[in-house]
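What's in model_8.txt: compact mmCIF, C-alpha atoms
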```txt
# COMPACT_ATOMS: atom_id res chain seq x y z
CA MET A 1456 -64.39 -16.57 146.33
CA PRO A 1457 -63.50 -20.12 147.37
CA ALA A 1458 -60.98 -22.10 145.41
CA ASP A 1459 -59.35 -25.46 145.88
CA SER A 1460 -55.87 -25.21 147.37
CA ALA A 1461 -52.79 -26.46 145.54
CA ALA A 1462 -49.04 -26.25 145.86
CA ALA A 1463 -47.53 -23.21 144.23
CA THR A 1464 -45.06 -25.36 142.33
CA VAL A 1465 -46.64 -27.93 140.04
CA GLN A 1466 -44.85 -31.25 139.93
CA ALA A 1467 -44.82 -33.22 136.71
CA ALA A 1468 -47.20 -36.16 136.89
CA PRO A 1469 -48.61 -38.67 134.45
CA ILE A 1470 -52.07 -37.87 133.15
CA VAL A 1471 -54.67 -40.36 134.26
CA SER A 1472 -57.08 -41.36 131.49
CA VAL A 1473 -60.78 -40.68 131.94
CA ALA A 1474 -63.78 -41.34 129.76
CA PRO A 1475 -64.61 -38.55 127.29
CA ALA A 1476 -67.84 -36.61 127.66
CA ALA A 1477 -69.64 -33.83 125.83
CA ILE A 1478 -68.51 -30.29 126.57
CA GLY A 1479 -70.61 -28.65 129.23
CA ASP A 1480 -72.29 -31.83 130.48
CA ALA A 1481 -70.84 -31.89 133.98
CA PRO A 1482 -71.78 -35.06 135.87
CA ALA A 1483 -74.50 -34.74 138.49
CA SER A 1484 -72.01 -35.65 141.20
CA SER A 1485 -69.58 -32.92 140.26
CA GLY A 1486 -70.70 -30.60 143.04
CA PRO A 1487 -70.63 -26.80 142.98
CA ALA A 1488 -69.39 -25.05 139.87
CA GLY A 1489 -65.68 -24.33 140.01
CA ALA A 1490 -65.02 -27.06 142.59
CA ALA A 1491 -65.83 -30.26 140.70
CA VAL A 1492 -62.28 -31.54 140.38
CA PRO A 1493 -59.51 -31.05 142.99
CA ALA A 1494 -56.84 -28.60 141.95
CA GLN A 1495 -54.34 -31.47 142.01
CA ALA A 1496 -56.07 -33.07 139.01
CA ALA A 1497 -55.73 -29.91 136.93
CA ALA A 1498 -52.16 -29.51 138.20
CA ALA A 1499 -51.38 -33.02 136.93
CA VAL A 1500 -52.58 -32.12 133.44
CA PHE A 1501 -50.70 -28.83 133.26
CA GLY A 1502 -47.69 -30.30 135.04
CA SER A 1503 -47.38 -33.00 132.41
CA ILE A 1504 -47.64 -30.41 129.64
CA ARG A 1505 -44.76 -28.48 131.20
CA THR A 1506 -42.44 -31.50 130.83
CA VAL A 1507 -43.02 -31.92 127.08
CA ASP A 1508 -40.95 -30.12 124.48
CA PRO A 1509 -43.16 -27.54 122.70
CA ALA A 1510 -42.35 -29.07 119.31
CA ALA A 1511 -43.70 -32.43 120.50
CA LEU A 1512 -46.80 -30.98 122.20
CA PRO A 1513 -49.27 -31.34 119.28
CA GLY A 1514 -48.77 -35.10 119.17
CA TYR A 1515 -48.73 -35.40 122.93
CA LEU A 1516 -51.93 -33.41 123.34
CA GLY A 1517 -53.61 -35.41 120.59
CA THR A 1518 -53.10 -38.63 122.51
CA HIS A 1519 -54.37 -37.07 125.75
CA SER A 1520 -57.43 -35.26 124.43
CA THR A 1521 -59.82 -36.95 126.86
CA GLU A 1522 -57.84 -35.66 129.82
CA LEU A 1523 -58.07 -32.13 128.45
CA ASP A 1524 -61.81 -32.51 127.83
CA ARG A 1525 -62.19 -33.54 131.46
CA LEU A 1526 -61.17 -30.01 132.43
CA LEU A 1527 -64.47 -28.86 130.91
CA THR A 1528 -66.77 -31.67 131.91
CA SER A 1529 -65.62 -31.42 135.55
CA PRO A 1530 -64.15 -27.92 135.71
CA PRO A 1531 -61.54 -27.01 138.30
CA ALA A 1532 -61.74 -23.70 140.12
CA ALA A 1533 -61.11 -20.77 137.79
CA ALA A 1534 -58.49 -19.38 140.18
CA ASP A 1535 -56.49 -22.61 139.89
CA ILE A 1536 -56.68 -22.61 136.10
CA SER A 1537 -55.57 -18.97 136.02
CA ARG A 1538 -52.54 -19.76 138.17
CA LEU A 1539 -51.62 -22.90 136.21
CA TRP A 1540 -52.01 -21.11 132.87
CA LYS A 1541 -49.55 -18.42 133.95
CA GLN A 1542 -47.00 -21.12 134.76
CA LEU A 1543 -46.89 -22.25 131.12
CA ASP A 1544 -44.44 -20.49 128.85
CA PRO A 1545 -45.81 -18.74 125.72
CA ALA A 1546 -44.77 -21.57 123.41
CA ARG A 1547 -46.74 -24.15 125.37
CA GLN A 1548 -49.71 -21.80 125.72
CA ALA A 1549 -49.75 -21.34 121.94
CA ALA A 1550 -49.50 -25.09 121.38
CA LEU A 1551 -52.48 -25.67 123.67
CA VAL A 1552 -54.57 -23.11 121.80
CA LYS A 1553 -53.68 -24.69 118.48
CA SER A 1554 -54.19 -28.30 119.58
CA ALA A 1555 -57.19 -27.97 121.90
CA PRO A 1556 -59.01 -24.72 121.06
CA HIS A 1557 -62.39 -26.10 122.18
CA VAL A 1558 -60.96 -26.65 125.68
CA ILE A 1559 -58.91 -23.48 126.05
CA GLY A 1560 -61.72 -21.36 124.58
CA ASN A 1561 -64.19 -22.49 127.24
CA LEU A 1562 -61.99 -22.90 130.30
CA GLU A 1563 -62.77 -20.37 133.03
CA GLY A 1564 -59.54 -18.86 134.29
CA VAL A 1565 -57.87 -18.61 130.89
CA PRO A 1566 -57.52 -14.94 129.79
CA TYR A 1567 -60.39 -13.72 127.63
CA ASP A 1568 -58.23 -12.61 124.71
CA VAL A 1569 -56.73 -16.10 124.55
CA ARG A 1570 -60.17 -17.68 124.74
CA GLY A 1571 -61.35 -15.42 121.94
CA LYS A 1572 -58.53 -16.55 119.64
CA ALA A 1573 -59.09 -20.20 120.55
CA ASN A 1574 -62.82 -20.07 119.90
CA VAL A 1575 -62.41 -18.35 116.53
CA LEU A 1576 -59.92 -21.06 115.58
CA ASP A 1577 -62.37 -23.75 116.71
CA LEU A 1578 -65.18 -22.02 114.83
CA ASP A 1579 -63.20 -21.82 111.58
CA ARG A 1580 -61.98 -25.41 111.83
CA THR A 1581 -65.45 -26.76 112.57
CA ILE A 1582 -66.98 -24.85 109.65
CA ALA A 1583 -64.26 -26.15 107.31
CA SER A 1584 -64.69 -29.72 108.54
CA ALA A 1585 -68.50 -29.67 108.31
CA THR A 1586 -68.33 -28.15 104.82
CA SER A 1587 -65.92 -30.84 103.64
CA THR A 1588 -68.04 -33.60 105.17
CA LEU A 1589 -71.21 -32.20 103.60
CA HIS A 1590 -69.69 -32.38 100.11
CA GLY A 1591 -69.24 -36.13 100.41
CA GLU A 1592 -72.31 -36.96 102.53
CA ARG A 1593 -75.23 -38.71 100.82
CA GLY A 1594 -77.48 -39.45 103.79
CA LYS A 1595 -80.45 -37.09 104.01
CA THR A 1596 -80.55 -36.94 107.81
CA GLU A 1597 -76.82 -36.33 108.06
CA ARG A 1598 -76.93 -33.62 105.40
CA ILE A 1599 -79.74 -31.81 107.22
CA ALA A 1600 -77.77 -31.91 110.48
CA LEU A 1601 -74.61 -30.63 108.79
CA LYS A 1602 -76.48 -27.80 107.08
CA ARG A 1603 -78.09 -26.81 110.36
CA GLN A 1604 -74.69 -26.79 112.05
CA LEU A 1605 -73.18 -24.67 109.28
CA THR A 1606 -76.05 -22.19 109.51
CA THR A 1607 -75.60 -21.90 113.27
CA LEU A 1608 -71.84 -21.43 113.09
CA GLY A 1609 -72.16 -19.05 110.18
CA ASN A 1610 -74.49 -16.91 112.28
CA VAL A 1611 -71.93 -16.90 115.10
CA ARG A 1612 -69.26 -15.76 112.65
CA THR A 1613 -71.52 -12.98 111.38
CA ALA A 1614 -72.36 -11.88 114.94
CA LEU A 1615 -68.65 -11.53 115.70
CA LYS A 1616 -68.10 -8.83 113.11
CA LYS A 1617 -67.26 -5.47 114.66
CA LYS A 1618 -70.04 -2.90 114.78
CA ASP A 1619 -69.17 0.81 114.96
CA GLY A 1620 -65.56 -0.17 115.55
CA VAL A 1621 -66.31 -1.80 118.91
CA GLN A 1622 -64.38 -4.95 119.75
CA ARG A 1623 -66.32 -8.24 119.87
CA THR A 1624 -64.84 -11.36 121.45
CA LEU A 1625 -66.14 -14.93 121.38
CA VAL A 1626 -65.42 -15.99 124.96
CA SER A 1627 -67.24 -19.32 124.81
CA LEU A 1628 -68.38 -21.68 122.06
CA ASP A 1629 -69.93 -25.13 121.97
CA THR A 1630 -70.16 -26.24 118.32
CA SER A 1631 -72.37 -29.27 119.01
CA ALA A 1632 -76.01 -29.59 117.96
CA ASP A 1633 -76.99 -27.93 121.26
CA ALA A 1634 -74.82 -24.92 120.48
CA ARG A 1635 -73.90 -22.44 123.19
CA ALA A 1636 -71.91 -19.24 122.93
CA ALA A 1637 -71.06 -15.93 124.56
CA ILE A 1638 -70.01 -12.81 122.67
CA VAL A 1639 -68.61 -9.80 124.49
CA VAL A 1640 -69.07 -6.28 123.15
CA GLY A 1641 -66.19 -4.24 124.61
CA ASP A 1642 -63.09 -5.36 126.48
CA LEU A 1643 -63.93 -7.77 129.28
CA ARG A 1644 -60.33 -7.65 130.55
CA THR A 1645 -60.38 -3.97 131.50
CA ALA A 1646 -63.97 -2.65 131.51
CA ARG A 1647 -65.00 -0.84 134.67
CA TYR A 1648 -68.63 -1.84 134.09
CA VAL A 1649 -69.65 -5.34 132.96
CA SER A 1650 -73.24 -6.36 132.19
CA VAL A 1651 -74.22 -9.97 131.50
CA LEU A 1652 -77.39 -10.51 129.43
CA VAL A 1653 -79.22 -13.77 130.22
CA PRO A 1654 -81.90 -14.86 127.69
CA GLY A 1655 -85.20 -16.63 128.22
CA MET A 1656 -87.12 -19.24 126.24
CA TYR A 1657 -86.83 -19.77 122.47
CA MET A 1658 -83.36 -18.15 122.35
CA SER A 1659 -81.06 -20.47 120.44
CA VAL A 1660 -77.58 -19.69 119.14
CA GLY A 1661 -78.56 -20.84 115.67
CA GLU A 1662 -81.43 -18.40 115.30
CA GLN A 1663 -80.84 -15.52 117.72
CA VAL A 1664 -77.10 -15.06 118.28
CA GLU A 1665 -76.90 -12.10 115.89
CA ALA A 1666 -79.90 -10.37 117.46
CA TRP A 1667 -78.63 -11.04 120.99
CA ALA A 1668 -75.22 -9.57 120.12
CA GLY A 1669 -77.16 -6.62 118.67
CA VAL A 1670 -78.91 -6.09 122.01
CA ALA A 1671 -75.50 -6.11 123.70
CA GLN A 1672 -74.25 -3.55 121.18
CA ASN A 1673 -77.25 -1.27 121.80
CA LEU A 1674 -76.75 -1.49 125.56
CA TYR A 1675 -73.04 -0.80 125.17
CA THR A 1676 -73.83 2.31 123.12
CA GLU A 1677 -76.36 3.58 125.67
CA GLN A 1678 -74.04 2.99 128.60
CA THR A 1679 -71.10 4.67 126.90
CA GLY A 1680 -73.29 7.61 125.92
CA PHE A 1681 -74.54 8.12 129.47
CA LEU A 1682 -71.01 7.91 130.89
CA LYS A 1683 -69.74 10.56 128.49
CA ARG A 1684 -72.71 12.78 129.34
CA PHE A 1685 -72.15 12.42 133.08
CA LEU A 1686 -68.42 13.13 132.76
CA GLY A 1687 -68.96 16.18 130.55
CA SER A 1688 -65.73 18.05 129.93
CA ARG A 1689 -63.87 15.42 131.95
CA SER A 1690 -64.55 12.79 129.23
CA HIS A 1691 -61.76 14.08 126.99
CA GLY A 1692 -59.60 11.29 128.35
CA GLY A 1693 -62.25 8.72 127.46
CA ALA A 1694 -65.20 7.38 129.42
CA PRO A 1695 -64.70 4.38 131.73
CA GLY A 1696 -64.69 1.11 129.85
CA VAL A 1697 -67.89 -0.85 129.31
CA ALA A 1698 -68.34 -4.50 128.34
CA VAL A 1699 -71.64 -6.26 127.67
CA VAL A 1700 -71.79 -10.05 127.48
CA ALA A 1701 -74.36 -11.51 125.09
CA TRP A 1702 -74.47 -14.74 127.08
CA MET A 1703 -76.16 -17.84 125.61
CA GLY A 1704 -74.60 -20.39 127.91
CA TYR A 1705 -77.47 -22.82 128.37
CA GLN A 1706 -80.19 -24.56 126.37
CA THR A 1707 -83.24 -22.36 126.69
CA PRO A 1708 -86.64 -24.07 126.85
CA VAL A 1709 -89.42 -24.24 124.30
CA LEU A 1710 -93.14 -24.71 124.84
CA THR A 1711 -92.83 -28.45 125.50
CA ASN A 1712 -90.34 -28.15 128.40
CA ILE A 1713 -90.94 -24.68 129.83
CA GLY A 1714 -92.77 -26.08 132.87
CA GLY A 1715 -89.73 -27.65 134.55
CA LEU A 1716 -86.62 -26.32 136.24
CA ASP A 1717 -84.03 -28.72 134.82
CA LEU A 1718 -82.81 -26.33 132.12
CA ALA A 1719 -82.89 -23.42 134.57
CA ARG A 1720 -80.65 -25.35 136.95
CA GLN A 1721 -78.24 -26.12 134.12
CA GLY A 1722 -78.30 -22.46 133.17
CA ALA A 1723 -77.69 -21.47 136.78
CA ASP A 1724 -74.62 -23.72 137.00
CA SER A 1725 -73.23 -22.37 133.74
CA LEU A 1726 -73.89 -18.74 134.70
CA GLU A 1727 -72.34 -19.34 138.12
CA ARG A 1728 -69.15 -20.61 136.46
CA THR A 1729 -69.10 -17.58 134.14
CA LEU A 1730 -69.45 -15.11 137.00
CA ILE A 1731 -66.89 -16.87 139.20
CA GLY A 1732 -64.47 -17.00 136.26
CA LEU A 1733 -64.85 -13.26 135.70
CA LYS A 1734 -64.35 -12.50 139.37
CA SER A 1735 -61.23 -14.66 139.38
CA LEU A 1736 -59.61 -12.97 136.40
CA ARG A 1737 -60.52 -9.48 137.60
CA GLN A 1738 -59.48 -9.79 141.26
CA ALA A 1739 -56.89 -7.03 140.89
CA ASN A 1740 -59.35 -4.60 139.25
CA PRO A 1741 -62.90 -5.84 139.89
CA PRO A 1742 -65.58 -4.31 137.67
CA TYR A 1743 -69.06 -3.21 138.66
CA LEU A 1744 -70.88 -6.41 137.66
CA SER A 1745 -74.57 -6.60 136.78
CA VAL A 1746 -76.79 -9.42 135.53
CA LEU A 1747 -79.74 -8.45 133.32
CA ALA A 1748 -82.06 -11.42 132.86
CA HIS A 1749 -85.29 -12.06 131.00
CA SER A 1750 -88.11 -14.58 131.46
CA TYR A 1751 -86.89 -18.15 132.12
CA GLY A 1752 -83.37 -16.73 132.12
CA SER A 1753 -84.29 -14.70 135.19
CA THR A 1754 -85.15 -17.94 136.97
CA ALA A 1755 -81.74 -19.35 136.01
CA ALA A 1756 -80.05 -16.17 137.24
CA LEU A 1757 -81.97 -16.24 140.53
CA LEU A 1758 -81.02 -19.87 141.11
CA ALA A 1759 -77.36 -19.00 140.48
CA LEU A 1760 -77.45 -16.08 142.90
CA GLU A 1761 -79.24 -18.10 145.60
CA LYS A 1762 -76.24 -20.43 145.99
CA GLY A 1763 -74.07 -18.03 147.95
CA THR A 1764 -70.99 -18.73 145.82
CA VAL A 1765 -70.85 -15.43 143.93
CA THR A 1766 -72.07 -11.88 144.47
CA VAL A 1767 -72.94 -9.30 141.82
CA ASP A 1768 -73.45 -5.56 142.18
CA ALA A 1769 -76.86 -5.34 140.51
CA LEU A 1770 -79.58 -7.61 139.15
CA ALA A 1771 -82.41 -6.68 136.81
CA LEU A 1772 -85.30 -9.06 136.09
CA MET A 1773 -87.79 -8.65 133.24
CA GLY A 1774 -90.88 -10.80 132.77
CA SER A 1775 -89.75 -13.10 135.58
CA PRO A 1776 -91.62 -16.26 136.65
CA GLY A 1777 -89.64 -16.28 139.92
CA SER A 1778 -87.62 -18.86 141.86
CA ASP A 1779 -87.26 -20.32 145.37
CA ALA A 1780 -85.93 -17.06 146.84
CA GLN A 1781 -88.61 -15.10 148.65
CA SER A 1782 -86.76 -11.77 148.96
CA VAL A 1783 -83.75 -9.85 147.75
CA HIS A 1784 -82.00 -10.72 151.01
CA GLN A 1785 -81.68 -14.34 149.88
CA LEU A 1786 -79.74 -13.36 146.76
CA GLY A 1787 -76.05 -12.73 146.21
CA VAL A 1788 -76.69 -9.14 145.14
CA ARG A 1789 -74.84 -6.40 146.96
CA ASP A 1790 -77.05 -4.11 149.08
CA GLY A 1791 -80.21 -5.79 147.75
CA ASN A 1792 -79.70 -3.91 144.47
CA VAL A 1793 -82.42 -5.78 142.55
CA PHE A 1794 -84.73 -4.20 139.94
CA VAL A 1795 -87.89 -5.69 138.44
CA GLY A 1796 -89.55 -4.66 135.17
CA GLU A 1797 -93.07 -5.79 134.33
CA ALA A 1798 -94.65 -4.85 131.01
CA SER A 1799 -98.34 -4.51 130.45
CA MET A 1800 -99.93 -7.50 128.73
CA ASP A 1801 -97.08 -9.76 129.88
CA PRO A 1802 -98.74 -13.00 131.01
CA ILE A 1803 -95.65 -14.17 132.93
CA VAL A 1804 -95.28 -11.37 135.47
CA ASN A 1805 -96.99 -11.88 138.84
CA SER A 1806 -97.37 -15.58 138.00
CA ALA A 1807 -94.91 -16.79 140.67
CA PHE A 1808 -94.76 -19.89 138.49
CA PHE A 1809 -91.47 -21.09 139.97
CA GLY A 1810 -92.09 -20.20 143.59
CA SER A 1811 -91.96 -16.45 144.10
CA ASP A 1812 -93.03 -13.14 142.60
CA PRO A 1813 -90.03 -10.77 142.40
CA GLY A 1814 -92.45 -7.95 141.63
CA SER A 1815 -94.40 -8.26 144.87
CA PRO A 1816 -93.81 -5.57 147.55
CA SER A 1817 -92.69 -8.19 150.07
CA TYR A 1818 -89.82 -9.28 147.80
CA GLY A 1819 -88.07 -5.96 148.31
CA ALA A 1820 -86.97 -5.27 144.73
CA LYS A 1821 -87.00 -1.81 143.17
CA ARG A 1822 -89.55 -1.03 140.50
CA MET A 1823 -88.14 -0.41 137.02
CA GLY A 1824 -90.37 1.45 134.59
CA VAL A 1825 -90.90 -0.15 131.17
CA GLY A 1826 -94.12 1.52 130.01
CA GLY A 1827 -92.62 4.50 128.18
CA ALA A 1828 -91.54 7.94 129.35
CA THR A 1829 -89.52 11.06 128.59
CA ASP A 1830 -85.91 10.72 129.68
CA PRO A 1831 -85.21 13.52 132.19
CA ILE A 1832 -81.50 13.36 131.36
CA THR A 1833 -81.53 13.35 127.53
CA HIS A 1834 -85.14 14.59 127.08
CA ALA A 1835 -85.61 11.81 124.52
CA SER A 1836 -89.01 10.18 124.12
CA LEU A 1837 -88.80 6.57 125.25
CA SER A 1838 -91.24 3.97 123.93
CA GLY A 1839 -92.89 1.39 126.13
CA SER A 1840 -92.58 -2.38 126.20
CA SER A 1841 -95.73 -4.46 125.87
CA GLY A 1842 -96.15 -8.19 126.24
CA HIS A 1843 -93.35 -10.59 127.06
CA ASN A 1844 -90.78 -9.96 124.34
CA GLU A 1845 -90.21 -6.20 123.97
CA TYR A 1846 -88.00 -5.46 126.96
CA PHE A 1847 -84.79 -5.32 124.93
CA THR A 1848 -86.12 -3.19 122.06
CA ALA A 1849 -83.87 -0.22 121.29
CA GLY A 1850 -85.25 3.17 122.32
CA THR A 1851 -87.43 1.84 125.12
CA GLU A 1852 -87.62 3.00 128.70
CA CYS A 1853 -86.53 -0.50 129.68
CA MET A 1854 -83.25 -0.33 127.74
CA ARG A 1855 -82.56 3.13 129.12
CA ASN A 1856 -83.03 1.87 132.67
CA LEU A 1857 -80.94 -1.26 132.07
CA ALA A 1858 -78.11 0.89 130.74
CA LEU A 1859 -78.11 2.98 133.93
CA ILE A 1860 -78.32 -0.06 136.21
CA GLY A 1861 -75.24 -1.50 134.50
CA ILE A 1862 -73.12 1.61 135.15
CA ASP A 1863 -73.99 2.00 138.83
CA GLN A 1864 -76.59 4.71 138.28
CA GLY A 1865 -79.57 2.89 139.74
CA GLY A 1866 -80.69 6.07 141.46
CA LYS A 1867 -81.54 7.53 138.06
CA VAL A 1868 -83.76 4.60 137.03
CA LEU A 1869 -87.34 5.60 136.26
CA GLY A 1870 -89.85 3.68 138.32
```
Would you mind writing the file out in structure tokens?
Amino acid sequence: MPADSAAATVQAAPIVSVAPAAIGDAPASSGPAGAAVPAQAAAAVFGSIRTVDPAALPGYLGTHSTELDRLLTSPPAAADISRLWKQLDPARQAALVKSAPHVIGNLEGVPYDVRGKANVLDLDRTIASATSTLHGERGKTERIALKRQLTTLGNVRTALKKKDGVQRTLVSLDTSADARAAIVVGDLRTARYVSVLVPGMYMSVGEQVEAWAGVAQNLYTEQTGFLKRFLGSRSHGGAPGVAVVAWMGYQTPVLTNIGGLDLARQGADSLERTLIGLKSLRQANPPYLSVLAHSYGSTAALLALEKGTVTVDALALMGSPGSDAQSVHQLGVRDGNVFVGEASMDPIVNSAFFGSDPGSPSYGAKRMGVGGATDPITHASLSGSSGHNEYFTAGTECMRNLALIGIDQGGKVLG
């Protein structure tokens, strides 16, 4: 994975002021994800922080907030951030989390447990601030916006609660009106198998984050169950770790803007950064990485994997309207390990609306059954998916197949 080069020793340097911008809105000229800003610029920020006494850091960071925000709006390579973060002592790391949680919580290359703590802090602070502001606000429009924000963030907080004792971590959070988030079920730092769920249209954080985290939980449970079954008596030491990312890292379209690719390109850039960040942090123990994408989200995932900047081990597409790629060989998917699920009564499949039909024989993808079946492994009766929005329903053939794809058992997928 390419990364900007930088000297191993960071020299202290003054931070150069830049104009603030909204989190996630990288300028059009920023170039490929992970390479927008030279490593030297990030080194200057972290180098300056290293020269300040930890006790004085809160005030120092407060006066240089725009420089920190720049790390998100024009993100450096995740590998550089990882290296620079390790060069900070624990006291300065803690001060950064406390003073700039919205930056640290969304910066690829920062360890996921640190990002989780930072994002929860940012979540709690934003809820407290919005609640306080609402009590004194008299304007109707402002009150509606504040209530909507509190509902959204409250749903994120609810979605974070542990289910069945499984760890959940908030690895990204944008608290603005166009909220974005990613919740991991399992331990992303150590899991042998990592699956990233990419949503399609009408999937907003405010309304669907709990349900999307629930899908991740169901997939986690299925994957863990299959691994224990395959290991049999050898599972007494515990099955290999699994992590499922309920990723909502882009603004999904609605009926009025579904016809264009602008949001898909934004989603592709964001997903690309996520995948590169994961690869960077897990270089020493890389997981089996799969992307499981639905509808418009499949187009975003295809665009990300057409760039040639990151490779995943498996890709599953459900209800896909396609992309520019004309075959699996044009995608960053190892060994062409691409699966396509097409439900009956789904008006999107075979449409090739955005340039290709991943379900066509010439594309080279493997067929993934979604119509219902009896599981030959568990002998359970699996229901079918119908229409465009039932692929992620628990107990379906589709979810069973996705679980197996995510744990490197594609050979057991029902076609």
**Message:** With all atoms listed in the file as the counted atoms, please give the residues lying no more than 10 Å from Thr1766 of chain A, apart from itself and same-chain residues fewer than 6 positions off, as a PyMOL selection string.
**Reply:** chain A and resi 1456+1727+1730-1731+1734+1744-1745+1759-1760+1786-1789
Using only C-alpha atoms, what table do you get, as CSV, when you list each residue of segment 1538-1611 of chain A with an atom no more than 12 Å from segment 1696-1719 of chain A, its nearest pair of atoms, and their distance in Å rounded to one decimal, rows by chain then rising number?
```
residue,atom,partner,partner_atom,distance
A:Asn1561,CA,A:Gly1704,CA,10.6
A:Tyr1567,CA,A:Val1700,CA,12.0
A:Val1611,CA,A:Met1703,CA,11.4
```
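Interatomic distance, atom CA of Arg1822 of chain A to atom CA of Phe1794 of chain A: 5.8 Å.
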**Request:** Please provide as a list in words all residues within 12 Å of Gln1738 of chain A, with the sequence filter that same-chain residues fewer than 6 positions apart are discarded (counting only C-alpha atoms).
**Result:** Met1456, Ala1533, Ala1534, Ser1537, Gly1564, Arg1644, Thr1645, Ile1731 and Gly1732 of chain A
**Item:** Spatial neighbours of Val1746 of chain A, max dist 10 Å, all atoms listed in the file, sep filter under 5 positions, as number ranges by chain
**Value:** A: 1649-1653, 1699-1700, 1726, 1730, 1753, 1756-1757, 1760, 1767-1772, 1788, 1793, 1857, 1860-1861
**Request:** Have a look at A:Met1773, A:Ala1583, A:Leu1643, A:Val1500 and name the one nearest to Gly1655 of chain A; count only C-alpha atoms.
**Result:** A:Met1773
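Using only C-alpha atoms, the nearest neighbour of Gln1678 of chain A within the list A:Ser1529, A:Met1656, A:Arg1647, A:Gly1514 is A:Arg1647.
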Supply segment 1509-1521 of chain A as a PDB file, keeping the file's coordinate frame, with N, CA, C and O atoms built in where the input has gaps.
```
ATOM      1  N   PRO A1509     -42.088 -28.173 123.471  1.00  0.00           N
ATOM      2  CA  PRO A1509     -43.160 -27.540 122.700  1.00  0.00           C
ATOM      3  C   PRO A1509     -43.345 -28.114 121.305  1.00  0.00           C
ATOM      4  O   PRO A1509     -44.470 -28.222 120.820  1.00  0.00           O
ATOM      5  N   ALA A1510     -42.250 -28.511 120.665  1.00  0.00           N
ATOM      6  CA  ALA A1510     -42.350 -29.070 119.310  1.00  0.00           C
ATOM      7  C   ALA A1510     -43.094 -30.396 119.301  1.00  0.00           C
ATOM      8  O   ALA A1510     -43.712 -30.761 118.297  1.00  0.00           O
ATOM      9  N   ALA A1511     -43.041 -31.125 120.421  1.00  0.00           N
ATOM     10  CA  ALA A1511     -43.700 -32.430 120.500  1.00  0.00           C
ATOM     11  C   ALA A1511     -45.105 -32.335 121.093  1.00  0.00           C
ATOM     12  O   ALA A1511     -45.819 -33.343 121.150  1.00  0.00           O
ATOM     13  N   LEU A1512     -45.513 -31.126 121.512  1.00  0.00           N
ATOM     14  CA  LEU A1512     -46.800 -30.980 122.200  1.00  0.00           C
ATOM     15  C   LEU A1512     -48.012 -31.360 121.342  1.00  0.00           C
ATOM     16  O   LEU A1512     -48.938 -31.994 121.852  1.00  0.00           O
ATOM     17  N   PRO A1513     -48.072 -30.977 120.063  1.00  0.00           N
ATOM     18  CA  PRO A1513     -49.270 -31.340 119.280  1.00  0.00           C
ATOM     19  C   PRO A1513     -49.574 -32.833 119.319  1.00  0.00           C
ATOM     20  O   PRO A1513     -50.717 -33.234 119.546  1.00  0.00           O
ATOM     21  N   GLY A1514     -48.555 -33.658 119.120  1.00  0.00           N
ATOM     22  CA  GLY A1514     -48.770 -35.100 119.170  1.00  0.00           C
ATOM     23  C   GLY A1514     -49.126 -35.577 120.555  1.00  0.00           C
ATOM     24  O   GLY A1514     -50.006 -36.425 120.731  1.00  0.00           O
ATOM     25  N   TYR A1515     -48.463 -35.020 121.553  1.00  0.00           N
ATOM     26  CA  TYR A1515     -48.730 -35.400 122.930  1.00  0.00           C
ATOM     27  C   TYR A1515     -50.161 -35.052 123.333  1.00  0.00           C
ATOM     28  O   TYR A1515     -50.866 -35.865 123.942  1.00  0.00           O
ATOM     29  N   LEU A1516     -50.580 -33.847 122.986  1.00  0.00           N
ATOM     30  CA  LEU A1516     -51.930 -33.410 123.340  1.00  0.00           C
ATOM     31  C   LEU A1516     -52.990 -34.218 122.596  1.00  0.00           C
ATOM     32  O   LEU A1516     -54.075 -34.475 123.118  1.00  0.00           O
ATOM     33  N   GLY A1517     -52.670 -34.604 121.362  1.00  0.00           N
ATOM     34  CA  GLY A1517     -53.610 -35.410 120.590  1.00  0.00           C
ATOM     35  C   GLY A1517     -53.900 -36.752 121.225  1.00  0.00           C
ATOM     36  O   GLY A1517     -55.023 -37.260 121.161  1.00  0.00           O
ATOM     37  N   THR A1518     -52.908 -37.329 121.869  1.00  0.00           N
ATOM     38  CA  THR A1518     -53.100 -38.630 122.510  1.00  0.00           C
ATOM     39  C   THR A1518     -53.691 -38.511 123.917  1.00  0.00           C
ATOM     40  O   THR A1518     -54.014 -39.520 124.535  1.00  0.00           O
ATOM     41  N   HIS A1519     -53.807 -37.283 124.415  1.00  0.00           N
ATOM     42  CA  HIS A1519     -54.370 -37.070 125.750  1.00  0.00           C
ATOM     43  C   HIS A1519     -55.567 -36.124 125.700  1.00  0.00           C
ATOM     44  O   HIS A1519     -55.820 -35.356 126.638  1.00  0.00           O
ATOM     45  N   SER A1520     -56.311 -36.183 124.614  1.00  0.00           N
ATOM     46  CA  SER A1520     -57.430 -35.260 124.430  1.00  0.00           C
ATOM     47  C   SER A1520     -58.532 -35.467 125.475  1.00  0.00           C
ATOM     48  O   SER A1520     -59.189 -34.511 125.895  1.00  0.00           O
ATOM     49  N   THR A1521     -58.756 -36.704 125.885  1.00  0.00           N
ATOM     50  CA  THR A1521     -59.820 -36.950 126.860  1.00  0.00           C
ATOM     51  C   THR A1521     -59.509 -36.314 128.207  1.00  0.00           C
ATOM     52  O   THR A1521     -60.414 -35.853 128.918  1.00  0.00           O
TER      53      THR A1521
END
```
